[in-house]
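**Q** So that you have it, the file is run.pdb, and it contains PDB, C-alpha atoms (C1' of nucleotides):
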```
ATOM      1  CA  MET A   1      -9.769 -19.983 -28.227
ATOM      2  CA  SER A   2     -12.469 -22.505 -28.789
ATOM      3  CA  THR A   3     -12.742 -23.474 -25.205
ATOM      4  CA  ALA A   4     -13.398 -20.065 -23.829
ATOM      5  CA  THR A   5     -12.285 -20.290 -20.300
ATOM      6  CA  PRO A   6     -12.895 -16.933 -18.722
ATOM      7  CA  ALA A   7     -10.750 -17.869 -15.831
ATOM      8  CA  ASP A   8      -8.694 -14.811 -16.223
ATOM      9  CA  SER A   9     -10.388 -12.475 -18.565
ATOM     10  CA  ALA A  10     -12.072  -9.645 -16.863
ATOM     11  CA  CYS A  11     -14.930  -9.248 -19.244
ATOM     12  CA  CYS A  12     -18.318  -8.956 -17.642
ATOM     13  CA  LEU A  13     -17.175 -10.374 -14.371
ATOM     14  CA  PRO A  14     -17.428  -8.329 -11.212
ATOM     15  CA  THR A  15     -14.081  -7.541  -9.718
ATOM     16  CA  PHE A  16     -15.406  -8.349  -6.287
ATOM     17  CA  GLN A  17     -17.805 -11.184  -5.706
ATOM     18  CA  GLY A  18     -19.620  -9.068  -3.182
ATOM     19  CA  PRO A  19     -19.065  -6.418  -0.555
ATOM     20  CA  LEU A  20     -15.982  -7.250   1.452
ATOM     21  CA  THR A  21     -15.944  -7.533   5.184
ATOM     22  CA  THR A  22     -13.056  -6.092   7.119
ATOM     23  CA  GLU A  23     -11.754  -9.588   7.711
ATOM     24  CA  GLU A  24     -11.769 -10.311   4.011
ATOM     25  CA  ALA A  25     -10.279  -6.979   3.015
ATOM     26  CA  GLU A  26      -7.439  -7.133   5.488
ATOM     27  CA  PRO A  27      -5.317  -9.852   3.874
ATOM     28  CA  LEU A  28      -5.938  -8.450   0.416
ATOM     29  CA  ALA A  29      -4.757  -5.037   1.497
ATOM     30  CA  ALA A  30      -1.696  -6.647   3.034
ATOM     31  CA  VAL A  31      -0.554  -8.065  -0.284
ATOM     32  CA  PHE A  32      -1.093  -4.796  -2.056
ATOM     33  CA  LYS A  33       0.771  -2.985   0.684
ATOM     34  CA  ALA A  34       3.783  -5.150   0.016
ATOM     35  CA  VAL A  35       4.019  -3.898  -3.558
ATOM     36  CA  ALA A  36       2.872  -0.377  -2.786
ATOM     37  CA  ASP A  37       6.426   0.869  -2.517
ATOM     38  CA  PRO A  38       8.763   1.893  -5.342
ATOM     39  CA  VAL A  39      11.757   0.278  -3.712
ATOM     40  CA  ARG A  40      10.024  -3.069  -3.354
ATOM     41  CA  LEU A  41       8.789  -3.004  -6.928
ATOM     42  CA  ARG A  42      12.321  -2.312  -8.055
ATOM     43  CA  LEU A  43      13.547  -5.184  -5.914
ATOM     44  CA  LEU A  44      11.125  -7.584  -7.531
ATOM     45  CA  SER A  45      12.029  -6.416 -11.025
ATOM     46  CA  LEU A  46      15.733  -6.595 -10.272
ATOM     47  CA  ILE A  47      15.603 -10.097  -8.873
ATOM     48  CA  GLU A  48      13.415 -11.351 -11.680
ATOM     49  CA  HIS A  49      15.984 -10.205 -14.208
ATOM     50  CA  THR A  50      19.133 -11.566 -12.665
ATOM     51  CA  GLU A  51      21.196 -14.167 -14.440
ATOM     52  CA  ASP A  52      20.238 -17.035 -12.167
ATOM     53  CA  GLY A  53      16.869 -15.742 -11.113
ATOM     54  CA  GLU A  54      18.162 -15.022  -7.668
ATOM     55  CA  ALA A  55      20.188 -12.406  -5.864
ATOM     56  CA  CYS A  56      21.772 -11.792  -2.496
ATOM     57  CA  VAL A  57      21.441  -8.623  -0.473
ATOM     58  CA  CYS A  58      24.887  -7.439  -1.450
ATOM     59  CA  ASP A  59      23.894  -7.482  -5.105
ATOM     60  CA  LEU A  60      20.919  -5.259  -4.470
ATOM     61  CA  THR A  61      22.155  -2.414  -2.315
ATOM     62  CA  ALA A  62      24.170  -0.753  -5.071
ATOM     63  CA  PRO A  63      21.473  -0.650  -7.767
ATOM     64  CA  LEU A  64      19.019   0.792  -5.296
ATOM     65  CA  GLY A  65      21.390   3.170  -3.578
ATOM     66  CA  LEU A  66      20.110   2.116  -0.185
ATOM     67  CA  SER A  67      21.777   0.797   2.926
ATOM     68  CA  GLN A  68      22.027  -2.905   3.625
ATOM     69  CA  PRO A  69      19.602  -2.870   6.569
ATOM     70  CA  THR A  70      17.033  -1.051   4.484
ATOM     71  CA  VAL A  71      17.280  -3.554   1.666
ATOM     72  CA  SER A  72      17.064  -6.430   4.129
ATOM     73  CA  HIS A  73      13.975  -4.863   5.590
ATOM     74  CA  HIS A  74      12.203  -4.601   2.262
ATOM     75  CA  LEU A  75      13.194  -8.108   1.311
ATOM     76  CA  LYS A  76      11.713  -9.415   4.517
ATOM     77  CA  ILE A  77       8.412  -7.740   3.747
ATOM     78  CA  LEU A  78       8.340  -9.274   0.282
ATOM     79  CA  VAL A  79       9.137 -12.714   1.649
ATOM     80  CA  GLU A  80       6.416 -12.446   4.266
ATOM     81  CA  ALA A  81       3.987 -11.406   1.555
ATOM     82  CA  GLY A  82       4.850 -14.571  -0.340
ATOM     83  CA  LEU A  83       6.345 -12.738  -3.299
ATOM     84  CA  LEU A  84       9.932 -13.823  -2.718
ATOM     85  CA  THR A  85      11.620 -16.914  -1.392
ATOM     86  CA  ARG A  86      14.716 -16.883   0.737
ATOM     87  CA  THR A  87      17.309 -19.623   0.732
ATOM     88  CA  GLN A  88      20.465 -19.475   2.743
ATOM     89  CA  ARG A  89      23.511 -20.884   1.052
ATOM     90  CA  GLY A  90      26.702 -20.497   2.925
ATOM     91  CA  ARG A  91      26.993 -16.972   4.204
ATOM     92  CA  TRP A  92      24.692 -15.634   1.550
ATOM     93  CA  ALA A  93      20.942 -15.402   1.478
ATOM     94  CA  TYR A  94      19.530 -15.796  -1.989
ATOM     95  CA  PHE A  95      16.217 -14.280  -2.892
ATOM     96  CA  ALA A  96      14.132 -15.418  -5.842
ATOM     97  CA  VAL A  97      10.676 -14.513  -7.077
ATOM     98  CA  GLN A  98       7.802 -16.736  -6.065
ATOM     99  CA  ARG A  99       6.413 -17.363  -9.522
ATOM    100  CA  PRO A 100       2.754 -18.112  -8.875
ATOM    101  CA  ALA A 101       2.360 -15.173  -6.538
ATOM    102  CA  LEU A 102       4.178 -12.725  -8.756
ATOM    103  CA  ASP A 103       2.305 -13.902 -11.820
ATOM    104  CA  GLU A 104      -0.901 -12.665 -10.281
ATOM    105  CA  PHE A 105       0.414  -9.182 -10.883
ATOM    106  CA  GLY A 106       1.603  -9.976 -14.376
ATOM    107  CA  SER A 107      -1.293  -8.917 -16.526
ATOM    108  CA  LEU A 108      -1.922  -5.866 -14.404
ATOM    109  CA  LEU A 109       1.657  -4.661 -14.675
ATOM    110  CA  ARG A 110       1.895  -5.358 -18.358
ATOM    111  CA  ARG A 111      -1.261  -3.405 -19.041
ATOM    112  CA  ARG A 112       0.055  -0.514 -16.995
ATOM    113  CA  ARG A 113       3.240  -0.573 -18.976
ATOM    114  CA  GLU A 114       1.387  -0.009 -22.217
ATOM    115  CA  THR A 115      -0.697   2.880 -21.015
ATOM    116  CA  ALA A 116       2.224   4.421 -19.241
ATOM    117  CA  ALA A 117       4.600   6.509 -21.284
TER     118      ALA A 117
ATOM    119  CA  MET B   1     -11.464 -25.112  -9.798
ATOM    120  CA  SER B   2      -9.434 -27.961 -11.083
ATOM    121  CA  THR B   3      -9.905 -26.540 -14.560
ATOM    122  CA  ALA B   4      -7.558 -23.775 -13.834
ATOM    123  CA  THR B   5      -6.070 -22.787 -17.105
ATOM    124  CA  PRO B   6      -4.991 -19.209 -17.247
ATOM    125  CA  ALA B   7      -6.228 -17.524 -20.291
ATOM    126  CA  ASP B   8      -4.868 -14.056 -20.433
ATOM    127  CA  SER B   9      -2.107 -15.153 -18.789
ATOM    128  CA  ALA B  10       1.019 -15.018 -17.316
ATOM    129  CA  CYS B  11       2.582 -18.195 -18.333
ATOM    130  CA  CYS B  12       6.215 -17.876 -19.257
ATOM    131  CA  LEU B  13       6.086 -14.141 -19.475
ATOM    132  CA  PRO B  14       8.216 -12.060 -17.171
ATOM    133  CA  THR B  15       6.178  -9.983 -14.798
ATOM    134  CA  PHE B  16       8.477  -7.036 -15.338
ATOM    135  CA  GLN B  17       9.932  -6.268 -18.725
ATOM    136  CA  GLY B  18      13.152  -5.285 -17.066
ATOM    137  CA  PRO B  19      14.535  -3.700 -13.921
ATOM    138  CA  LEU B  20      12.437  -0.707 -13.002
ATOM    139  CA  THR B  21      13.852   2.733 -12.475
ATOM    140  CA  THR B  22      12.586   4.827  -9.610
ATOM    141  CA  GLU B  23      10.647   6.952 -12.078
ATOM    142  CA  GLU B  24       8.932   3.883 -13.486
ATOM    143  CA  ALA B  25       8.258   2.313 -10.112
ATOM    144  CA  GLU B  26       6.759   5.431  -8.595
ATOM    145  CA  PRO B  27       3.451   5.550 -10.488
ATOM    146  CA  LEU B  28       3.003   1.799 -10.175
ATOM    147  CA  ALA B  29       3.468   1.971  -6.436
ATOM    148  CA  ALA B  30       0.965   4.811  -6.313
ATOM    149  CA  VAL B  31      -1.802   2.679  -7.793
ATOM    150  CA  PHE B  32      -1.074  -0.184  -5.455
ATOM    151  CA  LYS B  33      -1.022   2.195  -2.525
ATOM    152  CA  ALA B  34      -4.547   3.241  -3.383
ATOM    153  CA  VAL B  35      -5.828  -0.293  -2.935
ATOM    154  CA  ALA B  36      -3.465  -1.159  -0.093
ATOM    155  CA  ASP B  37      -6.056  -0.289   2.508
ATOM    156  CA  PRO B  38      -8.914  -2.435   3.803
ATOM    157  CA  VAL B  39     -11.317   0.465   3.913
ATOM    158  CA  ARG B  40     -10.676   1.415   0.323
ATOM    159  CA  LEU B  41     -11.043  -2.168  -0.850
ATOM    160  CA  ARG B  42     -14.350  -2.343   0.960
ATOM    161  CA  LEU B  43     -15.402   0.921  -0.645
ATOM    162  CA  LEU B  44     -14.681  -0.421  -4.107
ATOM    163  CA  SER B  45     -16.528  -3.650  -3.412
ATOM    164  CA  LEU B  46     -19.475  -1.809  -1.922
ATOM    165  CA  ILE B  47     -19.837   0.608  -4.807
ATOM    166  CA  GLU B  48     -19.480  -2.133  -7.384
ATOM    167  CA  HIS B  49     -22.384  -4.002  -5.843
ATOM    168  CA  THR B  50     -24.888  -1.213  -5.462
ATOM    169  CA  GLU B  51     -28.154  -1.287  -7.310
ATOM    170  CA  ASP B  52     -27.277   1.436  -9.789
ATOM    171  CA  GLY B  53     -23.554   0.927  -9.789
ATOM    172  CA  GLU B  54     -23.050   4.145  -7.918
ATOM    173  CA  ALA B  55     -23.271   5.442  -4.396
ATOM    174  CA  CYS B  56     -23.081   8.696  -2.515
ATOM    175  CA  VAL B  57     -21.040   9.307   0.601
ATOM    176  CA  CYS B  58     -24.048   9.071   2.851
ATOM    177  CA  ASP B  59     -24.705   5.528   1.669
ATOM    178  CA  LEU B  60     -21.209   4.440   2.567
ATOM    179  CA  THR B  61     -20.538   5.739   6.049
ATOM    180  CA  ALA B  62     -22.889   3.335   7.784
ATOM    181  CA  PRO B  63     -21.635   0.074   6.224
ATOM    182  CA  LEU B  64     -18.075   1.064   7.021
ATOM    183  CA  GLY B  65     -18.723   2.496  10.445
ATOM    184  CA  LEU B  66     -16.563   5.484   9.704
ATOM    185  CA  SER B  67     -17.133   9.212   9.837
ATOM    186  CA  GLN B  68     -18.181  11.169   6.781
ATOM    187  CA  PRO B  69     -14.870  13.065   6.458
ATOM    188  CA  THR B  70     -12.964   9.812   6.601
ATOM    189  CA  VAL B  71     -15.047   8.228   3.886
ATOM    190  CA  SER B  72     -14.711  11.339   1.740
ATOM    191  CA  HIS B  73     -10.976  11.173   2.182
ATOM    192  CA  HIS B  74     -10.723   7.582   1.006
ATOM    193  CA  LEU B  75     -13.025   8.241  -1.924
ATOM    194  CA  LYS B  76     -10.826  11.093  -3.019
ATOM    195  CA  ILE B  77      -7.791   8.841  -3.019
ATOM    196  CA  LEU B  78      -9.602   6.273  -5.140
ATOM    197  CA  VAL B  79     -10.774   8.923  -7.590
ATOM    198  CA  GLU B  80      -7.268  10.332  -7.914
ATOM    199  CA  ALA B  81      -5.966   6.830  -8.541
ATOM    200  CA  GLY B  82      -8.427   6.503 -11.411
ATOM    201  CA  LEU B  83     -10.371   3.696  -9.777
ATOM    202  CA  LEU B  84     -13.555   5.654  -9.161
ATOM    203  CA  THR B  85     -15.404   8.410 -10.944
ATOM    204  CA  ARG B  86     -17.183  11.231  -9.226
ATOM    205  CA  THR B  87     -20.250  12.958 -10.613
ATOM    206  CA  GLN B  88     -22.138  15.615  -8.758
ATOM    207  CA  ARG B  89     -25.901  15.520  -9.125
ATOM    208  CA  GLY B  90     -27.800  17.995  -7.057
ATOM    209  CA  ARG B  91     -26.494  17.947  -3.538
ATOM    210  CA  TRP B  92     -25.125  14.471  -3.904
ATOM    211  CA  ALA B  93     -21.828  13.249  -5.244
ATOM    212  CA  TYR B  94     -22.139   9.864  -6.875
ATOM    213  CA  PHE B  95     -19.188   7.554  -7.054
ATOM    214  CA  ALA B  96     -18.930   4.692  -9.524
ATOM    215  CA  VAL B  97     -16.186   2.245 -10.368
ATOM    216  CA  GLN B  98     -13.958   3.033 -13.318
ATOM    217  CA  ARG B  99     -14.356  -0.247 -15.130
ATOM    218  CA  PRO B 100     -11.160  -0.546 -17.147
ATOM    219  CA  ALA B 101      -8.977   0.431 -14.221
ATOM    220  CA  LEU B 102     -10.723  -1.841 -11.755
ATOM    221  CA  ASP B 103     -10.720  -4.738 -14.188
ATOM    222  CA  GLU B 104      -6.948  -4.749 -14.076
ATOM    223  CA  PHE B 105      -7.274  -6.094 -10.557
ATOM    224  CA  GLY B 106      -9.961  -8.567 -11.472
ATOM    225  CA  SER B 107      -8.008 -11.702 -12.156
ATOM    226  CA  LEU B 108      -5.701 -11.068  -9.248
ATOM    227  CA  LEU B 109      -8.534 -10.623  -6.779
ATOM    228  CA  ARG B 110     -10.474 -13.602  -8.034
ATOM    229  CA  ARG B 111      -7.436 -15.831  -7.717
ATOM    230  CA  ARG B 112      -6.850 -14.601  -4.190
ATOM    231  CA  ARG B 113     -10.414 -15.379  -3.335
ATOM    232  CA  GLU B 114      -9.961 -19.020  -4.224
ATOM    233  CA  THR B 115      -6.785 -19.555  -2.302
ATOM    234  CA  ALA B 116      -8.082 -17.649   0.663
ATOM    235  CA  ALA B 117     -10.451 -19.708   2.752
TER     236      ALA B 117
ATOM    237  C1'  DC C   1      38.766 -21.055  18.296
ATOM    238  C1'  DT C   2      38.943 -17.027  16.232
ATOM    239  C1'  DC C   3      38.231 -13.854  12.717
ATOM    240  C1'  DA C   4      36.200 -11.852   8.636
ATOM    241  C1'  DC C   5      32.235 -11.531   6.070
ATOM    242  C1'  DG C   6      27.180 -11.401   4.756
ATOM    243  C1'  DT C   7      22.907 -10.682   6.771
ATOM    244  C1'  DA C   8      19.311  -9.639  10.384
ATOM    245  C1'  DT C   9      17.765  -6.955  14.233
ATOM    246  C1'  DT C  10      17.487  -2.894  17.245
ATOM    247  C1'  DG C  11      16.712   1.856  18.265
ATOM    248  C1'  DA C  12      15.858   6.210  16.676
ATOM    249  C1'  DC C  13      14.235   9.787  13.722
ATOM    250  C1'  DG C  14      11.397  12.319  10.327
ATOM    251  C1'  DA C  15       7.724  11.667   7.064
ATOM    252  C1'  DA C  16       3.495   9.855   5.718
ATOM    253  C1'  DT C  17      -1.090   7.792   6.889
ATOM    254  C1'  DT C  18      -5.602   7.136   9.175
ATOM    255  C1'  DT C  19      -8.978   9.009  11.730
ATOM    256  C1'  DC C  20     -11.960  12.425  13.830
ATOM    257  C1'  DG C  21     -14.414  16.962  15.121
ATOM    258  C1'  DA C  22     -15.114  21.461  13.516
ATOM    259  C1'  DT C  23     -15.730  24.311   9.844
ATOM    260  C1'  DG C  24     -16.349  25.812   5.031
ATOM    261  C1'  DA C  25     -18.522  25.448   0.307
ATOM    262  C1'  DG C  26     -22.201  24.468  -2.769
ATOM    263  C1'  DT C  27     -27.136  22.998  -3.671
ATOM    264  C1'  DG C  28     -32.162  23.017  -3.414
ATOM    265  C1'  DG C  29     -36.432  23.889  -1.039
ATOM    266  C1'  DT C  30     -39.482  27.265   1.595
TER     267       DT C  30
ATOM    268  C1'  DA D   1     -33.059  35.550   1.781
ATOM    269  C1'  DC D   2     -32.826  31.945   4.624
ATOM    270  C1'  DC D   3     -32.209  27.354   6.062
ATOM    271  C1'  DA D   4     -31.382  22.384   5.791
ATOM    272  C1'  DC D   5     -28.660  19.113   3.732
ATOM    273  C1'  DT D   6     -24.558  16.844   1.387
ATOM    274  C1'  DC D   7     -19.945  16.824   0.823
ATOM    275  C1'  DA D   8     -15.033  18.715   1.057
ATOM    276  C1'  DT D   9     -11.378  20.761   3.595
ATOM    277  C1'  DC D  10      -8.769  21.997   7.714
ATOM    278  C1'  DG D  11      -6.332  21.061  11.970
ATOM    279  C1'  DA D  12      -4.845  17.788  15.123
ATOM    280  C1'  DA D  13      -3.854  13.208  17.445
ATOM    281  C1'  DA D  14      -2.344   8.531  17.062
ATOM    282  C1'  DT D  15      -0.275   5.255  14.408
ATOM    283  C1'  DT D  16       2.495   3.342  10.799
ATOM    284  C1'  DC D  17       6.329   3.563   7.537
ATOM    285  C1'  DG D  18      11.003   4.219   5.437
ATOM    286  C1'  DT D  19      15.528   4.953   6.489
ATOM    287  C1'  DC D  20      19.995   4.737   8.668
ATOM    288  C1'  DA D  21      23.910   3.847  12.143
ATOM    289  C1'  DA D  22      25.066   0.645  15.439
ATOM    290  C1'  DT D  23      25.007  -3.815  16.833
ATOM    291  C1'  DA D  24      24.001  -8.766  17.072
ATOM    292  C1'  DC D  25      23.795 -13.225  14.640
ATOM    293  C1'  DG D  26      25.516 -17.062  11.776
ATOM    294  C1'  DT D  27      28.562 -19.038   8.593
ATOM    295  C1'  DG D  28      32.972 -20.574   6.488
ATOM    296  C1'  DA D  29      38.014 -20.023   6.333
ATOM    297  C1'  DG D  30      42.384 -20.311   8.545
TER     298       DG D  30
END
```
Take the structure in this file and express it as structure tokens.

**A**
Amino acid sequence: MSTATPADSACCLPTFQGPLTTEEAEPLAAVFKAVADPVRLRLLSLIEHTEDGEACVCDLTAPLGLSQPTVSHHLKILVEAGLLTRTQRGRWAYFAVQRPALDEFGSLLRRRRETAA
Amino acid sequence: MSTATPADSACCLPTFQGPLTTEEAEPLAAVFKAVADPVRLRLLSLIEHTEDGEACVCDLTAPLGLSQPTVSHHLKILVEAGLLTRTQRGRWAYFAVQRPALDEFGSLLRRRRETAA
DNA sequence: CTCACGTATTGACGAATTTCGATGAGTGGT
DNA sequence: ACCACTCATCGAAATTCGTCAATACGTGAG
């Protein structure tokens, strides 16, 4: 890496640019809250690894072992958080990962994976 | 900001290595839950930007406008999540950020900061 | 139009979370 | 030994969250 662009690397950079106000902390917490649930993390991982990169509700209830309204509820939260997109096609609603948003969690999740088991 | 070229990054890599099981998702959700609260995010940002890189409870109640038990409670959650360390010195308990753990959130938080406004 | 199907919403319930005041535990000075 | 101080824990109130059954909505087929 000749052109060292520390855009992403965490080295020597403060995690926060300064003390957060409540107004600043609120939206950040909201995003984290969206992924602070095992079911929603599983949803994201399931959808990311589908054949076509998208899935409808009916594809997701079985793997999770949850009712359809519950799955719909979690999906809505993920869409509102900007982590999923929803496109209606015919009777079905297809959900796909919102790449840029999900990528923000990429390095974090991959690092966790290594230190996990 | 136009020079945005992710270094460590996420390009072309899947965020999840595969569909998560409940057992895998659980600990991940736990970490996110720790930071899924405005008060706790403010605590982290406050402690990171103290003179000595550490703070006691009494330093933190005023900036947050919360009671001492409440602040203690949030600090405990952050310590248990591995995001803060606690060292008792005399009557005081000093809390400092756990660098490696907090750095995992670095790139994510900095990117959010830019797109916030 | 009507019906079947996939999905969203509503209402309800128990569980978890956030917050506080009161109290308990540990430390250091007098 | 006592007291003042810092912090943790307990108990409780208010709120939020996760879940489901029941129901409403919207779409395409017949």

**Q** Please write as number ranges by chain the full residue list that the PyMOL selection byres ((chain C and resi 14-28) around 6) yields on this file.

**A** B: 91; C: 13, 29

**Q** The PyMOL selection byres ((chain A) within 9 of (chain C)) on the file shown: which residues, as a list in words?

**A** Val57, Cys58, Gln68, Pro69, Ser72, His73, Arg91, Trp92 and Ala93 of chain A

**Q** If you superpose chain A onto chain B over the full set of Cα atoms in sequence order, what number do you get for the RMSD in Å?

**A**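 For chain B versus chain A, the C-alpha RMSD is 3.3 Å.
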
**Q** Take every atom of segment 13-19 of chain D listed in the file, fit an axis-aligned box around them, add 8 Å per side, and give the centre and edge lengths in Å to one decimal as JSON.

**A**
```
{"center_x": 5.8, "center_y": 8.3, "center_z": 11.4, "size_x": 35.4, "size_y": 25.9, "size_z": 28.0}
```

**Q** Do you know which residues the PyMOL selection byres ((chain A) within 6 of (chain B)) returns on this file, as a list in words?

**A**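 When the PyMOL selection byres ((chain A) within 6 of (chain B)) is applied, the selected residues are Asp8, Ala10, Thr15, Phe16, Pro19, Leu20, Ala25, Glu26, Ala29, Phe32, Lys33, Ala36, Asp37, Pro38, Arg42, Ser45, Leu46, Asp103, Glu104, Gly106 and Leu108 of chain A.
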
**Q** Those selected residues, please, written with C-alpha atoms and delivered as a CSV table (one decimal), in the coordinates of the input.

**A**
```
chain,number,residue,atom,x,y,z
A,8,ASP,CA,-8.7,-14.8,-16.2
A,10,ALA,CA,-12.1,-9.6,-16.9
A,15,THR,CA,-14.1,-7.5,-9.7
A,16,PHE,CA,-15.4,-8.3,-6.3
A,19,PRO,CA,-19.1,-6.4,-0.6
A,20,LEU,CA,-16.0,-7.2,1.5
A,25,ALA,CA,-10.3,-7.0,3.0
A,26,GLU,CA,-7.4,-7.1,5.5
A,29,ALA,CA,-4.8,-5.0,1.5
A,32,PHE,CA,-1.1,-4.8,-2.1
A,33,LYS,CA,0.8,-3.0,0.7
A,36,ALA,CA,2.9,-0.4,-2.8
A,37,ASP,CA,6.4,0.9,-2.5
A,38,PRO,CA,8.8,1.9,-5.3
A,42,ARG,CA,12.3,-2.3,-8.1
A,45,SER,CA,12.0,-6.4,-11.0
A,46,LEU,CA,15.7,-6.6,-10.3
A,103,ASP,CA,2.3,-13.9,-11.8
A,104,GLU,CA,-0.9,-12.7,-10.3
A,106,GLY,CA,1.6,-10.0,-14.4
A,108,LEU,CA,-1.9,-5.9,-14.4
```

**Q** Please report as CSV every residue of chain D lying within 9 Å of chain A, along with the nearest atom pair and their distance in Å (one decimal), using all atoms listed in the file.

**A**
```
residue,atom,partner,partner_atom,distance
D:DG18,C1',A:Thr70,CA,8.1
D:DT19,C1',A:Thr70,CA,6.5
D:DC20,C1',A:Ser67,CA,7.2
D:DG26,C1',A:Arg91,CA,7.7
D:DT27,C1',A:Arg91,CA,5.1
D:DG28,C1',A:Gly90,CA,7.2
```

**Q** Quick one: distance from atom CA of Thr115 of chain A to atom CA of Gly65 of chain A in Å, one decimal?

**A**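 Spanning atom CA of Thr115 of chain A to atom CA of Gly65 of chain A is a straight-line distance of 28.1 Å.
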
**Q** What is the distance between atom C1' of DT16 of chain D and atom CA of Cys56 of chain A, in Å to one decimal?

**A**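 Distance between the two atoms: 27.9 Å.
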
**Q** Taking only C-alpha atoms into account, name the residue in B:Phe95, B:Thr87, B:Ala81, B:Lys76 that is nearest to Leu60 of chain B.

**A**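 Looking only at the distances to Leu60 of chain B, the closest residue turns out to be B:Phe95.
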
**Q** Quick one, how far is atom CA of Ala96 of chain A from atom C1' of DC25 of chain D?

**A**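 Going from atom CA of Ala96 of chain A over to atom C1' of DC25 of chain D, I get 22.8 Å.
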